[in-house]
$ cat run_31.cif   # mmCIF, C-alpha atoms
data_target
loop_
_atom_site.group_PDB
_atom_site.id
_atom_site.type_symbol
_atom_site.label_atom_id
_atom_site.label_comp_id
_atom_site.auth_asym_id
_atom_site.auth_seq_id
_atom_site.Cartn_x
_atom_site.Cartn_y
_atom_site.Cartn_z
ATOM 1 C CA MET A 789 2.907 -20.270 3.074
ATOM 2 C CA PHE A 790 5.917 -18.164 4.085
ATOM 3 C CA ASN A 791 7.318 -17.543 0.648
ATOM 4 C CA GLU A 792 10.508 -15.463 0.439
ATOM 5 C CA TYR A 793 9.077 -13.420 -2.435
ATOM 6 C CA LEU A 794 6.041 -12.639 -0.307
ATOM 7 C CA LEU A 795 8.173 -11.593 2.675
ATOM 8 C CA SER A 796 10.317 -9.154 0.683
ATOM 9 C CA PHE A 797 7.159 -7.799 -0.923
ATOM 10 C CA ILE A 798 5.742 -7.204 2.588
ATOM 11 C CA LEU A 799 8.995 -5.357 3.397
ATOM 12 C CA ILE A 800 8.518 -3.134 0.330
ATOM 13 C CA LEU A 801 4.951 -2.370 1.418
ATOM 14 C CA ILE A 802 6.049 -1.537 4.999
ATOM 15 C CA SER A 803 8.689 0.914 3.778
ATOM 16 C CA LEU A 804 6.204 2.544 1.368
ATOM 17 C CA TYR A 805 3.774 2.961 4.267
ATOM 18 C CA GLY A 806 6.533 4.571 6.350
ATOM 19 C CA LEU A 807 7.479 6.863 3.458
ATOM 20 C CA CYS A 808 3.880 8.058 3.117
ATOM 21 C CA THR A 809 2.973 8.499 6.776
ATOM 22 C CA SER A 810 6.153 9.556 8.600
ATOM 23 C CA LYS A 811 6.196 13.106 9.986
ATOM 24 C CA ASN A 812 9.949 13.389 10.391
ATOM 25 C CA ILE A 813 12.134 14.105 7.349
ATOM 26 C CA ILE A 814 15.001 11.952 8.704
ATOM 27 C CA LYS A 815 12.634 9.017 9.081
ATOM 28 C CA SER A 816 11.442 9.453 5.494
ATOM 29 C CA ILE A 817 15.030 9.314 4.263
ATOM 30 C CA VAL A 818 15.691 6.117 6.268
ATOM 31 C CA CYS A 819 12.471 4.624 4.846
ATOM 32 C CA LEU A 820 13.756 5.401 1.335
ATOM 33 C CA ASN A 821 16.915 3.420 2.183
ATOM 34 C CA ILE A 822 14.878 0.498 3.496
ATOM 35 C CA LEU A 823 12.820 0.520 0.289
ATOM 36 C CA GLU A 824 16.034 0.318 -1.734
ATOM 37 C CA ILE A 825 17.373 -2.611 0.323
ATOM 38 C CA SER A 826 14.117 -4.542 0.070
ATOM 39 C CA ILE A 827 13.932 -4.078 -3.697
ATOM 40 C CA ILE A 828 17.517 -5.371 -3.957
ATOM 41 C CA LEU A 829 16.549 -8.397 -1.826
ATOM 42 C CA PHE A 830 13.623 -9.108 -4.153
ATOM 43 C CA PHE A 831 15.854 -8.727 -7.216
ATOM 44 C CA LEU A 832 18.585 -11.045 -5.905
ATOM 45 C CA ARG A 833 16.012 -13.661 -4.856
ATOM 46 C CA ILE A 834 14.662 -13.778 -8.437
ATOM 47 C CA PHE A 835 18.096 -14.592 -9.874
ATOM 48 C CA ASP A 836 19.085 -17.043 -7.123
ATOM 49 C CA VAL A 837 19.515 -20.686 -8.200
ATOM 50 C CA SER A 838 18.897 -23.312 -5.532
ATOM 51 C CA GLY A 839 21.945 -25.535 -5.209
ATOM 52 C CA GLY A 840 24.027 -23.146 -7.291
ATOM 53 C CA SER A 841 27.330 -21.585 -6.321
ATOM 54 C CA ALA A 842 28.559 -17.996 -6.099
ATOM 55 C CA PRO A 843 29.947 -16.660 -9.411
ATOM 56 C CA ILE A 844 33.623 -17.114 -8.485
ATOM 57 C CA LEU A 845 35.362 -19.401 -11.027
ATOM 58 C CA PRO A 846 33.094 -22.491 -10.704
ATOM 59 C CA ASN A 847 33.977 -26.008 -11.793
ATOM 60 C CA GLU A 848 30.909 -26.409 -13.984
ATOM 61 C CA LEU A 849 29.215 -23.326 -15.429
ATOM 62 C CA SER A 850 25.686 -24.723 -15.197
ATOM 63 C CA SER A 851 25.473 -24.447 -11.385
ATOM 64 C CA MET A 852 26.684 -20.836 -11.266
ATOM 65 C CA VAL A 853 24.455 -17.890 -10.363
ATOM 66 C CA ASP A 854 24.179 -15.217 -13.053
ATOM 67 C CA PRO A 855 26.736 -12.459 -12.138
ATOM 68 C CA LEU A 856 25.156 -9.697 -14.260
ATOM 69 C CA PRO A 857 22.286 -8.739 -11.863
ATOM 70 C CA GLN A 858 24.750 -8.634 -8.969
ATOM 71 C CA ALA A 859 26.959 -6.166 -10.841
ATOM 72 C CA LEU A 860 23.903 -3.997 -11.513
ATOM 73 C CA VAL A 861 22.870 -4.131 -7.856
ATOM 74 C CA ILE A 862 26.259 -2.868 -6.598
ATOM 75 C CA THR A 863 25.771 0.254 -8.720
ATOM 76 C CA ALA A 864 22.318 0.692 -7.174
ATOM 77 C CA ILE A 865 23.762 0.526 -3.637
ATOM 78 C CA VAL A 866 26.356 3.238 -4.329
ATOM 79 C CA ILE A 867 23.794 5.473 -6.036
ATOM 80 C CA GLY A 868 21.470 5.005 -3.053
ATOM 81 C CA ALA A 869 24.189 6.201 -0.670
ATOM 82 C CA SER A 870 24.789 9.356 -2.721
ATOM 83 C CA VAL A 871 21.041 10.051 -2.945
ATOM 84 C CA THR A 872 20.918 9.787 0.859
ATOM 85 C CA ALA A 873 23.761 12.286 1.205
ATOM 86 C CA LEU A 874 22.013 14.771 -1.107
ATOM 87 C CA ALA A 875 18.703 14.411 0.736
ATOM 88 C CA LEU A 876 20.380 14.988 4.101
ATOM 89 C CA MET A 877 22.110 18.127 2.827
ATOM 90 C CA LEU A 878 18.748 19.461 1.642
ATOM 91 C CA SER A 879 17.188 18.627 5.018
ATOM 92 C CA ILE A 880 19.853 20.692 6.840
ATOM 93 C CA LYS A 881 19.026 23.635 4.547
ATOM 94 C CA VAL A 882 15.294 23.142 5.226
ATOM 95 C CA PHE A 883 15.862 23.115 8.989
ATOM 96 C CA HIS A 884 17.833 26.359 8.990
ATOM 97 C CA HIS A 885 15.327 28.058 6.679
ATOM 98 C CA TYR A 886 12.013 26.949 8.152
ATOM 99 C CA GLY A 887 13.111 26.070 11.702
ATOM 100 C CA THR A 888 11.422 22.678 11.700
ATOM 101 C CA LEU A 889 11.766 19.174 10.267
ATOM 102 C CA ASP A 890 8.100 18.201 10.540
ATOM 103 C CA TRP A 891 6.289 17.655 7.212
ATOM 104 C CA LYS A 892 2.987 18.877 8.699
ATOM 105 C CA GLU A 893 4.407 22.156 10.029
ATOM 106 C CA LEU A 894 6.254 22.727 6.749
ATOM 107 C CA LEU A 895 3.042 22.307 4.748
ATOM 108 C CA GLU A 896 1.212 24.697 7.092
ATOM 109 C CA ARG A 897 3.971 27.289 6.635
ATOM 110 C CA GLU A 898 3.690 27.022 2.877
ATOM 111 C CA GLY A 899 -0.089 27.434 3.055
ATOM 112 C CA MET B 975 12.137 -23.514 8.903
ATOM 113 C CA ASN B 976 14.586 -22.079 6.429
ATOM 114 C CA ILE B 977 17.207 -19.619 7.715
ATOM 115 C CA ASN B 978 16.436 -17.212 4.844
ATOM 116 C CA ILE B 979 12.834 -16.924 5.987
ATOM 117 C CA LEU B 980 13.962 -16.394 9.585
ATOM 118 C CA LEU B 981 16.229 -13.504 8.557
ATOM 119 C CA GLN B 982 13.444 -12.021 6.404
ATOM 120 C CA LEU B 983 11.062 -12.079 9.372
ATOM 121 C CA LEU B 984 13.751 -10.351 11.473
ATOM 122 C CA LEU B 985 14.062 -7.665 8.773
ATOM 123 C CA ILE B 986 10.302 -7.094 8.841
ATOM 124 C CA LEU B 987 10.404 -6.764 12.654
ATOM 125 C CA ILE B 988 13.205 -4.161 12.502
ATOM 126 C CA ALA B 989 11.392 -2.243 9.734
ATOM 127 C CA VAL B 990 8.222 -2.068 11.851
ATOM 128 C CA PHE B 991 10.318 -0.892 14.811
ATOM 129 C CA ILE B 992 11.912 1.867 12.698
ATOM 130 C CA ILE B 993 8.539 3.088 11.461
ATOM 131 C CA SER B 994 7.012 3.135 14.947
ATOM 132 C CA SER B 995 10.053 4.747 16.632
ATOM 133 C CA LYS B 996 10.232 8.496 17.325
ATOM 134 C CA ASP B 997 13.870 8.941 18.371
ATOM 135 C CA ASN B 998 16.233 9.806 15.508
ATOM 136 C CA LEU B 999 19.299 8.057 16.977
ATOM 137 C CA LYS B 1000 17.351 4.837 17.587
ATOM 138 C CA ILE B 1001 16.237 4.934 13.946
ATOM 139 C CA VAL B 1002 19.837 5.296 12.737
ATOM 140 C CA ILE B 1003 21.193 2.434 14.876
ATOM 141 C CA SER B 1004 18.369 0.079 13.899
ATOM 142 C CA TYR B 1005 18.910 0.981 10.259
ATOM 143 C CA SER B 1006 22.543 -0.117 10.671
ATOM 144 C CA VAL B 1007 21.412 -3.473 12.119
ATOM 145 C CA PHE B 1008 18.863 -3.789 9.314
ATOM 146 C CA SER B 1009 21.461 -3.420 6.598
ATOM 147 C CA LEU B 1010 23.835 -5.894 8.320
ATOM 148 C CA ILE B 1011 21.100 -8.559 8.317
ATOM 149 C CA ALA B 1012 20.325 -7.691 4.697
ATOM 150 C CA ALA B 1013 24.021 -8.251 3.905
ATOM 151 C CA CYS B 1014 23.751 -11.752 5.472
ATOM 152 C CA LEU B 1015 20.780 -12.446 3.190
ATOM 153 C CA TYR B 1016 22.708 -11.248 0.124
ATOM 154 C CA PHE B 1017 25.444 -13.703 1.045
ATOM 155 C CA LEU B 1018 22.909 -16.525 1.325
ATOM 156 C CA TYR B 1019 21.580 -15.577 -2.135
ATOM 157 C CA LYS B 1020 25.099 -16.259 -3.507
ATOM 158 C CA ALA B 1021 26.069 -12.618 -4.020
ATOM 159 C CA PRO B 1022 29.128 -12.114 -1.777
ATOM 160 C CA ASP B 1023 30.344 -9.018 -3.646
ATOM 161 C CA VAL B 1024 27.029 -7.250 -3.090
ATOM 162 C CA ALA B 1025 27.191 -8.265 0.578
ATOM 163 C CA LEU B 1026 30.625 -6.670 0.943
ATOM 164 C CA ALA B 1027 29.449 -3.422 -0.665
ATOM 165 C CA GLU B 1028 26.367 -3.405 1.553
ATOM 166 C CA ILE B 1029 28.426 -3.878 4.739
ATOM 167 C CA ALA B 1030 30.747 -1.009 3.788
ATOM 168 C CA VAL B 1031 28.156 1.434 2.470
ATOM 169 C CA GLY B 1032 24.876 0.494 4.131
ATOM 170 C CA SER B 1033 25.959 -0.234 7.668
ATOM 171 C CA ALA B 1034 28.908 2.173 8.009
ATOM 172 C CA ILE B 1035 28.830 5.188 5.694
ATOM 173 C CA VAL B 1036 25.096 5.887 5.555
ATOM 174 C CA PRO B 1037 24.602 5.832 9.389
ATOM 175 C CA LEU B 1038 27.718 8.003 9.703
ATOM 176 C CA ILE B 1039 26.335 10.740 7.436
ATOM 177 C CA LEU B 1040 22.914 10.391 9.082
ATOM 178 C CA ILE B 1041 24.411 11.033 12.540
ATOM 179 C CA LEU B 1042 26.513 13.930 11.211
ATOM 180 C CA SER B 1043 23.495 15.612 9.647
ATOM 181 C CA ILE B 1044 21.351 15.093 12.764
ATOM 182 C CA SER B 1045 23.991 16.844 14.874
ATOM 183 C CA LYS B 1046 24.167 19.693 12.323
ATOM 184 C CA GLN B 1047 20.393 20.139 12.301
ATOM 185 C CA ARG B 1048 20.004 20.449 16.045
ATOM 186 C CA GLU B 1049 21.995 23.677 16.192
ATOM 187 C CA PHE B 1050 20.714 27.200 16.725
ATOM 188 C CA ILE B 1051 23.425 29.521 15.409
ATOM 189 C CA VAL B 1052 23.478 33.052 16.797
ATOM 190 C CA LEU B 1053 25.679 35.875 15.505
ATOM 191 C CA ASN B 1054 26.682 38.265 18.287
ATOM 192 C CA ARG B 1055 27.249 41.893 17.179
ATOM 193 C CA LEU B 1056 27.128 43.492 20.634
ATOM 194 C CA GLU B 1057 29.836 45.327 22.554
ATOM 195 C CA ASP B 1058 28.482 44.624 26.052
ATOM 196 C CA SER B 1059 27.992 41.413 28.005
ATOM 197 C CA PHE B 1060 24.327 40.864 27.072
ATOM 198 C CA LEU B 1061 25.100 37.528 25.425
ATOM 199 C CA GLU B 1062 28.176 36.595 27.469
ATOM 200 C CA ALA B 1063 28.094 33.304 29.330
ATOM 201 C CA SER B 1064 30.009 33.080 32.594
ATOM 202 C CA ASP B 1065 29.833 30.963 35.730
ATOM 203 C CA GLU B 1066 28.528 33.579 38.182
ATOM 204 C CA ARG B 1067 26.401 36.012 36.173
ATOM 205 C CA SER B 1068 25.533 35.406 32.559
ATOM 206 C CA GLY B 1069 23.714 38.046 30.522
ATOM 207 C CA ILE B 1070 19.917 38.196 30.253
ATOM 208 C CA GLY B 1071 19.986 37.530 26.534
ATOM 209 C CA TYR B 1072 22.101 34.438 27.011
ATOM 210 C CA GLU B 1073 19.694 33.130 29.637
ATOM 211 C CA ILE B 1074 16.689 33.702 27.369
ATOM 212 C CA LEU B 1075 18.331 32.012 24.405
ATOM 213 C CA SER B 1076 19.650 29.048 26.384
ATOM 214 C CA GLU B 1077 16.231 28.473 27.949
ATOM 215 C CA PHE B 1078 14.642 28.658 24.492
ATOM 216 C CA CYS B 1079 17.131 26.145 23.075
ATOM 217 C CA LYS B 1080 16.713 23.815 26.052
ATOM 218 C CA TYR B 1081 12.942 23.838 25.628
ATOM 219 C CA TYR B 1082 13.057 22.917 21.945
ATOM 220 C CA GLY B 1083 15.985 20.490 22.253
ATOM 221 C CA LEU B 1084 18.402 22.620 20.252
ATOM 222 C CA LYS B 1085 22.102 23.265 20.763
ATOM 223 C CA LEU B 1086 23.015 26.936 21.170
ATOM 224 C CA LYS B 1087 26.076 28.234 19.331
ATOM 225 C CA ILE B 1088 27.074 31.883 19.617
ATOM 226 C CA TYR B 1089 29.628 33.345 17.243
ATOM 227 C CA LYS B 1090 31.368 36.697 17.525
ATOM 228 C CA LYS B 1091 31.475 39.337 14.805
ATOM 229 C CA LEU B 1092 31.481 38.397 11.153
ATOM 230 C CA PRO B 1093 31.664 41.007 8.387
ATOM 231 C CA GLY B 1094 28.851 41.539 5.898
ATOM 232 C CA LYS B 1095 25.206 42.502 5.801
ATOM 233 C CA ALA B 1096 22.552 40.414 7.520
ATOM 234 C CA ASN B 1097 20.896 39.396 4.305
ATOM 235 C CA GLY B 1098 24.084 38.158 2.705
ATOM 236 C CA ILE B 1099 24.975 36.172 5.802
ATOM 237 C CA PHE B 1100 21.520 34.604 5.946
ATOM 238 C CA SER B 1101 21.818 33.366 2.402
ATOM 239 C CA HIS B 1102 25.399 32.142 2.581
ATOM 240 C CA ARG B 1103 25.720 30.692 6.071
ATOM 241 C CA ASN B 1104 23.210 28.773 8.131
ATOM 242 C CA ILE B 1105 22.796 31.548 10.698
ATOM 243 C CA ASP B 1106 19.454 31.559 12.499
ATOM 244 C CA LEU B 1107 19.611 34.752 14.543
ATOM 245 C CA ILE B 1108 21.557 38.025 14.635
ATOM 246 C CA VAL B 1109 21.642 40.091 17.834
ATOM 247 C CA GLU B 1110 22.312 43.833 17.544
ATOM 248 C CA LYS B 1111 21.761 46.985 19.571
ATOM 249 C CA HIS B 1112 19.740 49.863 18.153
ATOM 250 C CA HIS B 1113 21.860 52.985 18.547
ATOM 251 C CA LEU B 1114 18.942 55.387 19.207
ATOM 252 C CA SER B 1115 16.484 53.527 21.412
ATOM 253 C CA ARG B 1116 19.128 51.381 23.179
ATOM 254 C CA ARG B 1117 17.012 48.276 22.633
ATOM 255 C CA TYR B 1118 18.381 44.872 21.691
ATOM 256 C CA LEU B 1119 17.303 43.698 18.235
ATOM 257 C CA PHE B 1120 16.879 39.974 17.501
ATOM 258 C CA LYS B 1121 16.946 39.604 13.737
ATOM 259 C CA GLY B 1122 15.864 36.319 12.189
ATOM 260 C CA LYS B 1123 14.255 34.860 9.104
ATOM 261 C CA GLU B 1124 10.566 35.431 8.521
ATOM 262 C CA SER B 1125 10.159 31.898 7.167
ATOM 263 C CA SER B 1126 11.354 30.147 10.323
ATOM 264 C CA ILE B 1127 8.808 28.840 12.838
ATOM 265 C CA LEU B 1128 11.389 29.202 15.617
ATOM 266 C CA MET B 1129 11.259 32.997 15.266
ATOM 267 C CA TYR B 1130 7.538 33.099 16.125
ATOM 268 C CA LYS B 1131 8.208 30.958 19.205
ATOM 269 C CA LEU B 1132 11.101 33.217 20.227
ATOM 270 C CA GLU B 1133 8.888 36.293 19.778
ATOM 271 C CA LYS B 1134 6.350 34.856 22.216
ATOM 272 C CA LEU B 1135 9.088 34.023 24.724
ATOM 273 C CA ALA B 1136 10.709 37.474 24.549
ATOM 274 C CA ALA B 1137 7.402 39.403 24.765
ATOM 275 C CA PRO B 1138 7.607 40.208 28.538
ATOM 276 C CA TYR B 1139 11.080 41.768 28.208
ATOM 277 C CA GLU B 1140 10.896 45.511 27.538
ATOM 278 C CA ASP B 1141 14.273 46.070 25.940
ATOM 279 C CA ILE B 1142 14.167 43.195 23.436
ATOM 280 C CA LYS B 1143 12.591 43.504 20.016
ATOM 281 C CA VAL B 1144 12.268 40.587 17.597
ATOM 282 C CA ILE B 1145 12.479 41.545 13.924
ATOM 283 C CA LYS B 1146 11.647 39.073 11.200
ATOM 284 C CA LEU B 1147 13.369 39.746 7.898
ATOM 285 C CA GLU B 1148 11.726 38.668 4.658
ATOM 286 C CA GLU B 1149 13.534 36.761 1.960
ATOM 287 C CA GLY B 1150 15.681 39.165 -0.062
ATOM 288 C CA GLU B 1151 15.068 42.121 2.264
ATOM 289 C CA THR B 1152 18.206 44.183 2.777
ATOM 290 C CA ASP B 1153 19.392 45.051 6.248
ATOM 291 C CA GLU B 1154 20.082 48.762 6.764
ATOM 292 C CA GLN B 1155 22.868 48.971 9.286
#
$ encode --input "run_31.cif" --output "structure tokens"
Amino acid sequence: MFNEYLLSFILILISLYGLCTSKNIIKSIVCLNILEISIILFFLRIFDVSGGSAPILPNELSSMVDPLPQALVITAIVIGASVTALALMLSIKVFHHYGTLDWKELLEREG
Amino acid sequence: MNINILLQLLLILIAVFIISSKDNLKIVISYSVFSLIAACLYFLYKAPDVALAEIAVGSAIVPLILILSISKQREFIVLNRLEDSFLEASDERSGIGYEILSEFCKYYGLKLKIYKKLPGKANGIFSHRNIDLIVEKHHLSRRYLFKGKESSILMYKLEKLAAPYEDIKVIKLEEGETDEQ
């Protein structure tokens, strides 16, 4: 009943819920990071072979995990970190311009 | 029970804690723990290179920049253009303006930073530096002028707080409005 696919899908849903309902901008950014990590978990679980070995010079090629998705995922991690840095810079600008970091107050200010 | 499923359940618990938490620093620290456990899971999925990148980036660099930006956001930067000791802070008698501003910052959980003179017009400084408030003295009416941005909610709160003081006037500058001084 406790499937690993199901659990990482639940994690994706939790982070989407947090992204939609959080009032604080910092919390939204952290929820974006959690969403990224849970999608990576889901992705790596798909390409995992039970009883296989890590893709580091194996004895027989048939038991090796495919290294291509892992190479793609490393790029995704680095891009996620830079997206976080950009979002935080924008949030500092928003705080000094509007004086608040609350989504609700920001929307009220904008009318 | 499989150890992968155990770690996944732990991740779900930490995610629920992050979403229900209100303190920014608690969120950052639990995010660091979250990404460490995720790195363990990557290792169990036979991706040790991804686990290494996740430990370096996810649990060290991202919390570091989060903490840096939180400490930058909680600042209230004031530019002091006065000659007298209205905004001076000392041990025995600090100025009235300093007391008002420090009380204001304490109430809203901000960190007060007062800088001395910088050249340039108010408008240019507002757009180039993250200055929240400029304090000046009007040369005719001898009143203290608190100049801030019209868009900021903090200015409305400061206006309410400074209402009982006779010699303080809060002016809210619009975006792009030039400061005649």
$ interface_residues --input "run_31.cif" --of "chain B" --to "chain A" --cutoff "9 Å" --atoms "all atoms listed in the file" --output "PyMOL selection string"
chain B and resi 978-979+982-983+985-986+989-990+992-994+996+998+1001-1002+1005+1008-1009+1012+1015-1017+1019-1024+1027-1028+1031-1032+1035-1036+1039-1040+1043-1044+1046-1050+1104-1106+1123-1129
$ write_last_selection --input "run_31.cif" --atoms "C-alpha atoms" --output "compact mmCIF listing (two decimals), keeping the file's coordinate frame"
# COMPACT_ATOMS: atom_id res chain seq x y z
CA ASN B 978 16.44 -17.21 4.84
CA ILE B 979 12.83 -16.92 5.99
CA GLN B 982 13.44 -12.02 6.40
CA LEU B 983 11.06 -12.08 9.37
CA LEU B 985 14.06 -7.66 8.77
CA ILE B 986 10.30 -7.09 8.84
CA ALA B 989 11.39 -2.24 9.73
CA VAL B 990 8.22 -2.07 11.85
CA ILE B 992 11.91 1.87 12.70
CA ILE B 993 8.54 3.09 11.46
CA SER B 994 7.01 3.14 14.95
CA LYS B 996 10.23 8.50 17.32
CA ASN B 998 16.23 9.81 15.51
CA ILE B 1001 16.24 4.93 13.95
CA VAL B 1002 19.84 5.30 12.74
CA TYR B 1005 18.91 0.98 10.26
CA PHE B 1008 18.86 -3.79 9.31
CA SER B 1009 21.46 -3.42 6.60
CA ALA B 1012 20.32 -7.69 4.70
CA LEU B 1015 20.78 -12.45 3.19
CA TYR B 1016 22.71 -11.25 0.12
CA PHE B 1017 25.44 -13.70 1.04
CA TYR B 1019 21.58 -15.58 -2.13
CA LYS B 1020 25.10 -16.26 -3.51
CA ALA B 1021 26.07 -12.62 -4.02
CA PRO B 1022 29.13 -12.11 -1.78
CA ASP B 1023 30.34 -9.02 -3.65
CA VAL B 1024 27.03 -7.25 -3.09
CA ALA B 1027 29.45 -3.42 -0.66
CA GLU B 1028 26.37 -3.40 1.55
CA VAL B 1031 28.16 1.43 2.47
CA GLY B 1032 24.88 0.49 4.13
CA ILE B 1035 28.83 5.19 5.69
CA VAL B 1036 25.10 5.89 5.56
CA ILE B 1039 26.34 10.74 7.44
CA LEU B 1040 22.91 10.39 9.08
CA SER B 1043 23.50 15.61 9.65
CA ILE B 1044 21.35 15.09 12.76
CA LYS B 1046 24.17 19.69 12.32
CA GLN B 1047 20.39 20.14 12.30
CA ARG B 1048 20.00 20.45 16.05
CA GLU B 1049 22.00 23.68 16.19
CA PHE B 1050 20.71 27.20 16.73
CA ASN B 1104 23.21 28.77 8.13
CA ILE B 1105 22.80 31.55 10.70
CA ASP B 1106 19.45 31.56 12.50
CA LYS B 1123 14.26 34.86 9.10
CA GLU B 1124 10.57 35.43 8.52
CA SER B 1125 10.16 31.90 7.17
CA SER B 1126 11.35 30.15 10.32
CA ILE B 1127 8.81 28.84 12.84
CA LEU B 1128 11.39 29.20 15.62
CA MET B 1129 11.26 33.00 15.27
$ atom_distance --input "run_31.cif" --atom1 "atom CA of Ile1029 of chain B" --atom2 "atom CA of Cys1014 of chain B"
9.2 Å
$ resolve_selection --input "run_31.cif" --expression "the PyMOL selection byres ((chain B and resi 1112) around 12)" --output "number ranges by chain"
B: 1055-1057, 1109-1111, 1113-1121, 1141-1145, 1154-1155
$ resolve_selection --input "run_31.cif" --expression "the PyMOL selection byres ((chain B and resi 1073-1081) around 10)" --output "list in words"
Arg1048, Glu1049, Phe1050, Val1052, Phe1060, Leu1061, Glu1062, Ala1063, Arg1067, Ser1068, Gly1069, Ile1070, Gly1071, Tyr1072, Tyr1082, Gly1083, Leu1084, Lys1085, Leu1086, Lys1087, Ile1088, Leu1128, Lys1131, Leu1132, Leu1135, Ala1136 and Tyr1139 of chain B
$ write_last_selection --input "run_31.cif" --atoms "C-alpha atoms" --output "mmCIF file, keeping the file's coordinate frame"
data_model
loop_
_atom_site.group_PDB
_atom_site.id
_atom_site.type_symbol
_atom_site.label_atom_id
_atom_site.label_comp_id
_atom_site.auth_asym_id
_atom_site.auth_seq_id
_atom_site.Cartn_x
_atom_site.Cartn_y
_atom_site.Cartn_z
ATOM 1 C CA ARG B 1048 20.004 20.449 16.045
ATOM 2 C CA GLU B 1049 21.995 23.677 16.192
ATOM 3 C CA PHE B 1050 20.714 27.200 16.725
ATOM 4 C CA VAL B 1052 23.478 33.052 16.797
ATOM 5 C CA PHE B 1060 24.327 40.864 27.072
ATOM 6 C CA LEU B 1061 25.100 37.528 25.425
ATOM 7 C CA GLU B 1062 28.176 36.595 27.469
ATOM 8 C CA ALA B 1063 28.094 33.304 29.330
ATOM 9 C CA ARG B 1067 26.401 36.012 36.173
ATOM 10 C CA SER B 1068 25.533 35.406 32.559
ATOM 11 C CA GLY B 1069 23.714 38.046 30.522
ATOM 12 C CA ILE B 1070 19.917 38.196 30.253
ATOM 13 C CA GLY B 1071 19.986 37.530 26.534
ATOM 14 C CA TYR B 1072 22.101 34.438 27.011
ATOM 15 C CA TYR B 1082 13.057 22.917 21.945
ATOM 16 C CA GLY B 1083 15.985 20.490 22.253
ATOM 17 C CA LEU B 1084 18.402 22.620 20.252
ATOM 18 C CA LYS B 1085 22.102 23.265 20.763
ATOM 19 C CA LEU B 1086 23.015 26.936 21.170
ATOM 20 C CA LYS B 1087 26.076 28.234 19.331
ATOM 21 C CA ILE B 1088 27.074 31.883 19.617
ATOM 22 C CA LEU B 1128 11.389 29.202 15.617
ATOM 23 C CA LYS B 1131 8.208 30.958 19.205
ATOM 24 C CA LEU B 1132 11.101 33.217 20.227
ATOM 25 C CA LEU B 1135 9.088 34.023 24.724
ATOM 26 C CA ALA B 1136 10.709 37.474 24.549
ATOM 27 C CA TYR B 1139 11.080 41.768 28.208
#
$ axis_aligned_box --input "run_31.cif" --around "segment 1104-1112 of chain B" --padding-each-side "8 Å" --output "lines of an AutoDock Vina configuration file"
center_x = 21.3
center_y = 39.3
center_z = 13.9
size_x = 19.8
size_y = 37.1
size_z = 27.4
$ decode --input "run_31.cif" --residues "segment 790-820 of chain A" --atoms "C-alpha atoms" --output "mmCIF file, in the first residue's frame"
data_model
loop_
_atom_site.group_PDB
_atom_site.id
_atom_site.type_symbol
_atom_site.label_atom_id
_atom_site.label_comp_id
_atom_site.auth_asym_id
_atom_site.auth_seq_id
_atom_site.Cartn_x
_atom_site.Cartn_y
_atom_site.Cartn_z
ATOM 1 C CA PHE A 790 2.873 2.382 0.769
ATOM 2 C CA ASN A 791 4.257 2.699 -2.717
ATOM 3 C CA GLU A 792 7.319 4.929 -3.157
ATOM 4 C CA TYR A 793 5.787 6.550 -6.241
ATOM 5 C CA LEU A 794 2.696 7.380 -4.213
ATOM 6 C CA LEU A 795 4.743 8.878 -1.367
ATOM 7 C CA SER A 796 6.751 11.204 -3.620
ATOM 8 C CA PHE A 797 3.528 12.180 -5.366
ATOM 9 C CA ILE A 798 2.056 13.076 -1.942
ATOM 10 C CA LEU A 799 5.187 15.194 -1.345
ATOM 11 C CA ILE A 800 4.599 17.028 -4.642
ATOM 12 C CA LEU A 801 0.986 17.693 -3.646
ATOM 13 C CA ILE A 802 2.009 18.985 -0.180
ATOM 14 C CA SER A 803 4.507 21.438 -1.668
ATOM 15 C CA LEU A 804 1.944 22.637 -4.245
ATOM 16 C CA TYR A 805 -0.525 23.228 -1.410
ATOM 17 C CA GLY A 806 2.120 25.223 0.480
ATOM 18 C CA LEU A 807 2.946 27.231 -2.650
ATOM 19 C CA CYS A 808 -0.715 28.163 -3.122
ATOM 20 C CA THR A 809 -1.671 28.954 0.466
ATOM 21 C CA SER A 810 1.428 30.396 2.159
ATOM 22 C CA LYS A 811 1.251 34.074 3.140
ATOM 23 C CA ASN A 812 4.978 34.626 3.511
ATOM 24 C CA ILE A 813 7.136 35.128 0.407
ATOM 25 C CA ILE A 814 10.117 33.315 1.993
ATOM 26 C CA LYS A 815 7.927 30.303 2.697
ATOM 27 C CA SER A 816 6.735 30.264 -0.917
ATOM 28 C CA ILE A 817 10.332 30.205 -2.125
ATOM 29 C CA VAL A 818 11.169 27.296 0.224
ATOM 30 C CA CYS A 819 8.053 25.464 -1.022
ATOM 31 C CA LEU A 820 9.313 25.920 -4.597
#
